[in-house]
file query_4.cif (mmCIF, C-alpha atoms)
data_run
loop_
_atom_site.label_atom_id
_atom_site.label_comp_id
_atom_site.auth_asym_id
_atom_site.auth_seq_id
_atom_site.Cartn_x
_atom_site.Cartn_y
_atom_site.Cartn_z
CA MET A 1 0.00 0.00 0.00
CA SER A 2 2.87 2.34 0.80
CA ALA A 3 4.44 1.71 -2.61
CA VAL A 4 1.18 2.36 -4.45
CA LEU A 5 0.53 5.63 -2.60
CA PHE A 6 4.11 6.80 -3.08
CA ALA A 7 3.97 5.95 -6.79
CA ALA A 8 1.73 8.92 -7.56
CA THR A 9 4.09 11.50 -6.04
CA GLY A 10 6.81 11.32 -8.70
CA THR A 11 4.68 12.67 -11.55
CA ALA A 12 3.01 15.21 -9.25
CA SER A 13 6.44 16.44 -8.17
CA LYS A 14 7.61 16.77 -11.78
CA PHE A 15 4.51 18.89 -12.50
CA LEU A 16 5.36 21.23 -9.60
CA PHE A 17 8.98 21.54 -10.75
CA HIS A 18 7.76 22.57 -14.21
CA GLN A 19 5.66 25.21 -12.41
CA GLY A 20 8.76 26.76 -10.84
CA VAL A 21 8.72 25.06 -7.44
CA THR A 22 12.24 23.96 -6.47
CA PRO A 23 13.09 20.57 -4.91
CA TYR A 24 14.14 22.07 -1.57
CA GLN A 25 10.99 24.22 -1.39
CA LEU A 26 8.86 21.12 -1.94
CA VAL A 27 10.75 19.19 0.74
CA GLN A 28 10.32 22.10 3.17
CA VAL A 29 6.58 22.30 2.60
CA ARG A 30 6.14 18.52 2.46
CA THR A 31 7.86 17.83 5.79
CA ALA A 32 6.23 20.78 7.56
CA ILE A 33 2.70 19.82 6.49
CA ALA A 34 3.27 16.11 7.14
CA SER A 35 4.57 16.71 10.67
CA ALA A 36 1.72 19.15 11.45
CA VAL A 37 -0.91 16.68 10.22
CA LEU A 38 0.67 13.83 12.17
CA LEU A 39 0.86 15.96 15.34
CA ALA A 40 -2.82 16.91 15.13
CA TRP A 41 -3.89 13.34 14.38
CA LEU A 42 -1.81 11.71 17.13
CA ALA A 43 -2.80 14.35 19.70
CA LEU A 44 -6.43 13.44 19.11
CA ALA A 45 -6.19 9.71 18.43
CA ASP A 46 -3.28 8.46 20.55
CA PRO A 47 -1.39 11.08 22.62
CA ALA A 48 0.83 8.36 24.10
CA CYS A 49 2.52 8.07 20.69
CA LEU A 50 4.01 11.53 21.19
CA ARG A 51 6.07 10.48 24.22
CA ILE A 52 9.71 9.55 23.69
CA SER A 53 12.67 9.38 26.06
CA ARG A 54 15.36 12.04 26.14
CA GLN A 55 17.93 9.39 25.25
CA SER A 56 16.09 8.75 21.97
CA LEU A 57 16.36 12.35 20.75
CA PRO A 58 19.74 11.96 18.96
CA ARG A 59 18.42 8.90 17.12
CA PHE A 60 15.33 10.78 15.91
CA ILE A 61 17.32 13.88 14.97
CA LEU A 62 19.57 11.69 12.79
CA LEU A 63 16.52 9.93 11.32
CA GLY A 64 14.95 13.30 10.50
CA PHE A 65 18.11 14.46 8.72
CA VAL A 66 18.26 11.22 6.71
CA LEU A 67 14.57 11.53 5.75
CA ALA A 68 15.08 15.13 4.56
CA ALA A 69 18.14 14.05 2.56
CA THR A 70 16.19 11.13 1.02
CA MET A 71 13.39 13.42 -0.16
CA PHE A 72 15.70 16.15 -1.41
CA THR A 73 18.02 13.87 -3.41
CA TYR A 74 15.05 12.05 -4.96
CA PHE A 75 13.29 15.29 -5.93
CA TYR A 76 16.56 16.77 -7.15
CA ALA A 77 17.11 13.72 -9.38
CA ILE A 78 13.56 14.04 -10.76
CA SER A 79 14.19 17.73 -11.52
CA LYS A 80 17.33 16.85 -13.53
CA ILE A 81 16.54 13.55 -15.26
CA GLN A 82 13.51 11.51 -16.32
CA VAL A 83 11.24 10.24 -13.55
CA ALA A 84 11.83 6.66 -14.72
CA ALA A 85 15.60 7.02 -14.41
CA ALA A 86 15.33 8.62 -10.95
CA ILE A 87 13.07 5.79 -9.75
CA LEU A 88 15.44 3.18 -11.16
CA LEU A 89 18.40 4.71 -9.34
CA GLN A 90 16.58 5.14 -6.02
CA TYR A 91 15.33 1.56 -6.04
CA GLN A 92 18.81 0.14 -5.94
CA SER A 93 18.35 0.54 -2.18
CA PRO A 94 17.40 -3.13 -1.56
CA VAL A 95 20.92 -4.12 -2.61
CA LEU A 96 22.42 -1.61 -0.15
CA VAL A 97 20.10 -2.69 2.68
CA ALA A 98 20.96 -6.35 2.06
CA ALA A 99 24.69 -5.55 1.97
CA TYR A 100 24.41 -3.65 5.27
CA ALA A 101 22.50 -6.52 6.91
CA LEU A 102 25.14 -8.97 5.73
CA ALA A 103 28.14 -6.86 6.76
CA PHE A 104 27.01 -5.36 10.06
CA SER A 105 24.03 -7.35 11.35
CA GLY A 106 25.31 -10.82 10.62
CA GLU A 107 22.08 -11.57 8.73
CA ARG A 108 22.50 -14.43 6.31
CA HIS A 109 20.39 -14.08 3.19
CA SER A 110 18.49 -17.08 1.93
CA THR A 111 18.44 -18.15 -1.69
CA SER A 112 14.89 -16.78 -2.04
CA THR A 113 15.99 -13.37 -0.74
CA LEU A 114 18.95 -13.18 -3.14
CA LEU A 115 16.74 -14.23 -6.06
CA ALA A 116 14.19 -11.59 -5.04
CA ILE A 117 16.87 -8.84 -4.96
CA VAL A 118 18.10 -9.75 -8.45
CA GLY A 119 14.58 -10.21 -9.81
CA SER A 120 13.21 -6.96 -8.41
CA GLY A 121 16.23 -4.98 -9.64
CA LEU A 122 15.93 -6.37 -13.16
CA GLY A 123 12.16 -5.96 -13.03
CA CYS A 124 12.48 -2.28 -12.10
CA TYR A 125 14.93 -1.76 -14.97
CA LEU A 126 12.46 -3.21 -17.47
CA ALA A 127 9.29 -1.75 -15.92
CA VAL A 128 10.46 1.87 -16.03
CA GLY A 129 11.66 1.42 -19.62
CA ALA A 130 15.29 2.10 -18.72
CA TYR A 131 16.41 0.00 -21.70
CA SER A 132 15.21 2.84 -23.95
CA LEU A 133 17.16 5.49 -22.02
CA ASP A 134 20.73 6.45 -22.82
CA LEU A 135 21.78 6.21 -19.18
CA LEU A 136 25.37 7.28 -19.91
CA SER A 137 24.19 10.57 -21.41
CA LEU A 138 21.97 11.54 -18.47
CA ASN A 139 22.69 14.65 -16.44
CA ARG A 140 25.55 13.77 -14.09
CA ALA A 141 24.12 15.76 -11.17
CA GLY A 142 20.81 13.92 -11.62
CA ILE A 143 22.55 10.54 -11.54
CA ILE A 144 24.42 11.51 -8.37
CA GLY A 145 21.13 12.67 -6.87
CA GLY A 146 19.44 9.36 -7.72
CA LEU A 147 22.27 7.30 -6.25
CA GLY A 148 22.24 9.54 -3.18
CA ALA A 149 18.51 8.89 -2.84
CA ALA A 150 19.20 5.13 -2.89
CA ALA A 151 21.84 5.48 -0.17
CA PHE A 152 19.69 7.71 2.05
CA LEU A 153 16.58 5.53 1.56
CA SER A 154 18.65 2.55 2.67
CA ALA A 155 19.84 4.44 5.74
CA TYR A 156 16.27 5.51 6.53
CA THR A 157 15.10 1.89 6.30
CA VAL A 158 17.85 0.60 8.62
CA LEU A 159 17.49 3.45 11.16
CA SER A 160 13.70 3.16 11.18
CA GLU A 161 13.87 -0.59 11.75
CA SER A 162 16.07 0.07 14.79
CA ALA A 163 13.73 2.74 16.19
CA LEU A 164 10.70 0.52 15.66
CA ARG A 165 12.03 -1.94 18.21
CA SER A 166 11.19 0.64 20.89
CA TYR A 167 8.41 2.81 19.42
CA LYS A 168 5.23 2.52 17.38
CA PRO A 169 5.40 3.19 13.62
CA TRP A 170 3.49 6.49 13.84
CA THR A 171 5.74 7.74 16.66
CA VAL A 172 8.82 7.05 14.56
CA LEU A 173 7.31 8.74 11.52
CA PHE A 174 6.14 11.83 13.44
CA TYR A 175 9.54 12.55 14.97
CA ALA A 176 11.33 11.73 11.73
CA SER A 177 9.05 14.22 9.92
CA LEU A 178 9.39 16.83 12.68
CA PHE A 179 13.18 16.77 12.69
CA SER A 180 13.19 16.53 8.92
CA ALA A 181 11.21 19.79 8.78
CA ALA A 182 13.59 21.34 11.32
CA THR A 183 16.60 20.26 9.22
CA CYS A 184 15.11 21.85 6.09
CA ASN A 185 14.59 25.17 7.86
CA ILE A 186 18.07 25.20 9.39
CA LEU A 187 20.14 24.17 6.38
CA LEU A 188 17.98 26.06 3.85
CA PRO A 189 16.40 29.56 3.91
CA PRO A 190 13.76 29.25 6.67
CA PHE A 191 10.11 28.93 5.55
CA GLU A 192 10.93 29.85 1.92
CA GLY A 193 8.79 27.03 0.63
CA LEU A 194 5.86 27.96 2.90
CA THR A 195 5.82 31.69 2.17
CA ARG A 196 5.90 31.66 -1.63
CA SER A 197 2.65 32.01 -3.56
CA TYR A 198 0.99 28.88 -4.99
CA SER A 199 -2.00 28.43 -7.26
CA ALA A 200 -4.96 26.30 -6.20
CA ILE A 201 -3.84 23.35 -8.35
CA GLN A 202 -0.31 23.61 -6.96
CA TRP A 203 -1.67 23.55 -3.40
CA PHE A 204 -3.74 20.49 -4.27
CA TRP A 205 -0.69 18.52 -5.38
CA ILE A 206 1.44 19.83 -2.52
CA LEU A 207 -1.15 18.64 -0.01
CA PHE A 208 -1.47 15.33 -1.84
CA ILE A 209 2.30 14.78 -1.74
CA SER A 210 2.53 15.91 1.91
CA ILE A 211 -0.38 13.93 3.35
CA VAL A 212 -0.92 10.91 1.09
CA GLY A 213 2.60 10.58 -0.33
CA THR A 214 4.40 11.25 2.96
CA ALA A 215 2.40 10.92 6.18
CA VAL A 216 0.24 7.99 5.09
CA SER A 217 2.74 6.30 2.75
CA LEU A 218 5.72 6.41 5.13
CA GLY A 219 3.49 5.46 8.06
CA LEU A 220 2.49 2.30 6.21
CA TYR A 221 6.11 1.65 5.24
CA ASN A 222 7.14 1.86 8.90
CA LYS A 223 4.31 -0.52 9.78
CA GLY A 224 5.66 -2.93 7.19
CA LEU A 225 9.18 -2.59 8.59
CA ARG A 226 7.89 -3.61 11.99
CA LEU A 227 6.31 -6.76 10.56
CA ILE A 228 9.08 -7.89 8.20
CA ARG A 229 12.84 -7.38 8.02
CA ALA A 230 14.37 -4.30 6.41
CA THR A 231 15.71 -6.27 3.44
CA HIS A 232 12.28 -7.76 2.70
CA ALA A 233 10.52 -4.41 3.15
CA SER A 234 12.89 -2.62 0.75
CA ILE A 235 12.38 -5.34 -1.88
CA THR A 236 8.60 -5.16 -1.49
CA ALA A 237 8.81 -1.37 -1.92
CA THR A 238 10.02 -1.90 -5.50
CA LEU A 239 6.32 -2.24 -6.28
CA GLN A 240 6.41 1.58 -6.38
CA PRO A 241 7.65 1.91 -10.00
CA ILE A 242 5.31 -0.92 -10.99
CA ALA A 243 2.37 0.92 -9.45
CA ALA A 244 3.47 4.14 -11.18
CA ALA A 245 3.51 2.40 -14.56
CA VAL A 246 0.08 0.84 -13.98
CA LEU A 247 -1.42 4.16 -12.81
CA ALA A 248 -0.01 5.90 -15.89
CA PHE A 249 -1.58 3.18 -18.05
CA LEU A 250 -4.99 3.44 -16.35
CA PHE A 251 -5.32 7.21 -15.98
CA LEU A 252 -2.93 8.78 -18.49
CA GLY A 253 -3.40 6.36 -21.36
CA GLU A 254 0.31 5.52 -21.48
CA THR A 255 0.95 2.17 -23.12
CA MET A 256 3.21 -0.48 -21.68
CA SER A 257 5.63 -2.33 -23.94
CA PRO A 258 6.04 -6.10 -23.74
CA TRP A 259 9.37 -5.64 -21.91
CA GLN A 260 7.71 -3.40 -19.33
CA LEU A 261 5.08 -6.08 -18.74
CA VAL A 262 7.89 -8.61 -18.26
CA GLY A 263 9.40 -6.22 -15.69
CA VAL A 264 6.10 -5.97 -13.84
CA GLY A 265 5.89 -9.75 -13.75
CA LEU A 266 9.47 -10.06 -12.48
CA VAL A 267 8.91 -7.70 -9.56
CA VAL A 268 5.64 -9.35 -8.57
CA ALA A 269 7.22 -12.81 -8.88
CA SER A 270 10.19 -11.68 -6.77
CA ILE A 271 7.89 -10.53 -3.97
CA ILE A 272 5.97 -13.82 -4.13
CA VAL A 273 9.24 -15.79 -3.95
CA LEU A 274 10.31 -13.64 -1.00
CA GLN A 275 7.03 -14.28 0.84
CA ILE A 276 7.08 -18.02 0.18
CA GLY A 277 10.68 -18.21 1.40
CA ARG A 278 9.79 -16.26 4.55
CA GLU A 279 6.86 -18.52 5.37
CA LYS A 280 9.04 -21.61 4.92
CA GLY A 281 11.79 -20.02 6.98
CA ALA A 282 14.22 -20.51 4.09
#
call {"tool": "encode", "arguments": {"input": "query_4.cif", "output": "structure tokens"}}
result
Amino acid sequence: MSAVLFAATGTASKFLFHQGVTPYQLVQVRTAIASAVLLAWLALADPACLRISRQSLPRFILLGFVLAATMFTYFYAISKIQVAAAILLQYQSPVLVAAYALAFSGERHSTSTLLAIVGSGLGCYLAVGAYSLDLLSLNRAGIIGGLGAAAFLSAYTVLSESALRSYKPWTVLFYASLFSAATCNILLPPFEGLTRSYSAIQWFWILFISIVGTAVSLGLYNKGLRLIRATHASITATLQPIAAAVLAFLFLGETMSPWQLVGVGLVVASIIVLQIGREKGA
């Protein structure tokens, strides 16, 4: 569900960039609105979720910085290169998460997990139509931004999994969003994104990205992280480009080539293999 909701934000973000909104302005507004919405919702629905220990503050400050960096590098990549290429680069994160788990957590990956990593990576490549892109000729800054997004998304996944051992998913997301918003207003001109003038349609997409594509989507992702391991969650999240392609087909009339359909099948098959392997304990 997180992947499907997040899928719609890439195209919406590209639209806002064409309208003159910059990546860091969008991140500023996105994190500020998301944290405000989460604060209001948790204060009414479950105030206990707002309580954290003083010892946990450094962890959440770091998580907030990583979340801000993830959003900025992804949006920056989208502003410089095609959405498909940016998605492809960001969703190399399962490989990084798996490598971290192997190197630092002593987690041994099963055959099904390794097959799922390879299958989802190849599936993403085909599904976003990367075979038709001249990847070597892409904007270098955009490529660096996309690879940075993969690294920061991996770090966010690992740090969130650690925090979720002590706190509920919505607590982790709220403080990550809060400190992400604080980071944006310290490292960048304060409130620049909030004080500029937006049209009604721009506000619609900003609110969509902030609430549906951030608060709800990342909340569900954190919930998934609590139920399955970080490596499995990051692989499952590769449904995002698949969902984006399907949504474009259904609502924008974009056709899907046979190779893209093969990519969709590969990602779905990889997630099924992953789930079967998990249930068997393999």
call {"tool": "resolve_selection", "arguments": {"input": "query_4.cif", "expression": "the PyMOL selection byres ((chain A and resi 78-91) around 9)", "output": "JSON, numbers by chain"}}
result
{"A": [10, 11, 13, 14, 17, 18, 22, 23, 73, 74, 75, 76, 77, 92, 93, 94, 95, 121, 124, 125, 127, 128, 129, 130, 133, 135, 138, 139, 140, 141, 142, 143, 145, 146, 147, 148, 149, 150, 151, 153, 234, 235, 237, 238, 240, 241]}
call {"tool": "residues_around", "arguments": {"input": "query_4.cif", "residues": "A:Leu126", "least_positions_apart": "6", "cutoff": "12 Å", "atoms": "all atoms listed in the file", "output": "number ranges by chain"}}
result
A: 84-85, 87-88, 119-120, 132-133, 241-242, 245, 256-267
call {"tool": "atom_distance", "arguments": {"input": "query_4.cif", "atom1": "atom CA of A:Met71", "atom2": "atom CA of A:Cys184"}}
result
10.6 Å
call {"tool": "atom_distance", "arguments": {"input": "query_4.cif", "atom1": "atom CA of A:Ser2", "atom2": "atom CA of A:Leu220"}}
result
5.4 Å
call {"tool": "closest_residue", "arguments": {"input": "query_4.cif", "among": "A:Phe65, A:Arg59, A:Val37, A:Arg196", "to": "A:Glu161", "atoms": "all atoms listed in the file"}}
result
A:Arg59
call {"tool": "resolve_selection", "arguments": {"input": "query_4.cif", "expression": "the PyMOL selection byres ((chain A and resi 44-49) around 10)", "output": "PyMOL selection string"}}
result
chain A and resi 38-43+50-52+167-172+174
call {"tool": "write_last_selection", "arguments": {"input": "query_4.cif", "atoms": "C-alpha atoms", "output": "mmCIF file, in the frame of the given file"}}
result
data_model
loop_
_atom_site.group_PDB
_atom_site.id
_atom_site.type_symbol
_atom_site.label_atom_id
_atom_site.label_comp_id
_atom_site.auth_asym_id
_atom_site.auth_seq_id
_atom_site.Cartn_x
_atom_site.Cartn_y
_atom_site.Cartn_z
ATOM 1 C CA LEU A 38 0.670 13.830 12.170
ATOM 2 C CA LEU A 39 0.860 15.960 15.340
ATOM 3 C CA ALA A 40 -2.820 16.910 15.130
ATOM 4 C CA TRP A 41 -3.890 13.340 14.380
ATOM 5 C CA LEU A 42 -1.810 11.710 17.130
ATOM 6 C CA ALA A 43 -2.800 14.350 19.700
ATOM 7 C CA LEU A 50 4.010 11.530 21.190
ATOM 8 C CA ARG A 51 6.070 10.480 24.220
ATOM 9 C CA ILE A 52 9.710 9.550 23.690
ATOM 10 C CA TYR A 167 8.410 2.810 19.420
ATOM 11 C CA LYS A 168 5.230 2.520 17.380
ATOM 12 C CA PRO A 169 5.400 3.190 13.620
ATOM 13 C CA TRP A 170 3.490 6.490 13.840
ATOM 14 C CA THR A 171 5.740 7.740 16.660
ATOM 15 C CA VAL A 172 8.820 7.050 14.560
ATOM 16 C CA PHE A 174 6.140 11.830 13.440
#
call {"tool": "residues_near_point", "arguments": {"input": "query_4.cif", "point": "(7.5, -7.2, 11.1)", "cutoff": "12 Å", "atoms": "only C-alpha atoms", "output": "list in words"}}
result
Glu161, Ser162, Leu164, Arg165, Lys168, Pro169, Leu220, Tyr221, Asn222, Lys223, Gly224, Leu225, Arg226, Leu227, Ile228, Arg229, Ala230, Thr231, His232, Ala233 and Arg278 of chain A
call {"tool": "closest_atom_pairs", "arguments": {"input": "query_4.cif", "of": "stretch 58-170 of chain A", "to": "stretch 175-183 of chain A", "cutoff": "7 Å", "atoms": "only C-alpha atoms", "output": "JSON lines"}}
result
{"residue": "A:Phe60", "atom": "CA", "partner": "A:Ala176", "partner_atom": "CA", "distance": 5.9}
{"residue": "A:Ile61", "atom": "CA", "partner": "A:Phe179", "partner_atom": "CA", "distance": 5.5}
{"residue": "A:Leu63", "atom": "CA", "partner": "A:Ala176", "partner_atom": "CA", "distance": 5.5}
{"residue": "A:Gly64", "atom": "CA", "partner": "A:Ser180", "partner_atom": "CA", "distance": 4.0}
{"residue": "A:Phe65", "atom": "CA", "partner": "A:Ser180", "partner_atom": "CA", "distance": 5.3}
{"residue": "A:Leu67", "atom": "CA", "partner": "A:Ser180", "partner_atom": "CA", "distance": 6.1}
{"residue": "A:Ala68", "atom": "CA", "partner": "A:Ser180", "partner_atom": "CA", "distance": 5.0}
call {"tool": "atom_distance", "arguments": {"input": "query_4.cif", "atom1": "atom CA of A:Leu5", "atom2": "atom CA of A:Leu187"}}
result
28.4 Å
call {"tool": "closest_residue", "arguments": {"input": "query_4.cif", "among": "A:Val4, A:Ala36, A:Arg30, A:Gly20", "to": "A:Phe208", "atoms": "only C-alpha atoms"}}
result
A:Arg30
call {"tool": "closest_residue", "arguments": {"input": "query_4.cif", "among": "A:Ala69, A:Ile117, A:Leu188, A:Leu194", "to": "A:Thr236", "atoms": "all atoms listed in the file"}}
result
A:Ile117
call {"tool": "closest_residue", "arguments": {"input": "query_4.cif", "among": "A:Leu16, A:Leu115, A:Ile271, A:Val158", "to": "A:Leu62", "atoms": "only C-alpha atoms"}}
result
A:Val158
call {"tool": "closest_residue", "arguments": {"input": "query_4.cif", "among": "A:Ala116, A:Tyr198, A:Ser154, A:Thr70", "to": "A:Ala99", "atoms": "all atoms listed in the file"}}
result
A:Ser154
call {"tool": "resolve_selection", "arguments": {"input": "query_4.cif", "expression": "the PyMOL selection byres ((chain A and resi 28) around 8)", "output": "list in words"}}
result
Tyr24, Gln25, Leu26, Val27, Val29, Arg30, Thr31, Ala32, Ala181, Cys184, Asn185, Phe191, Glu192, Gly193 and Leu194 of chain A
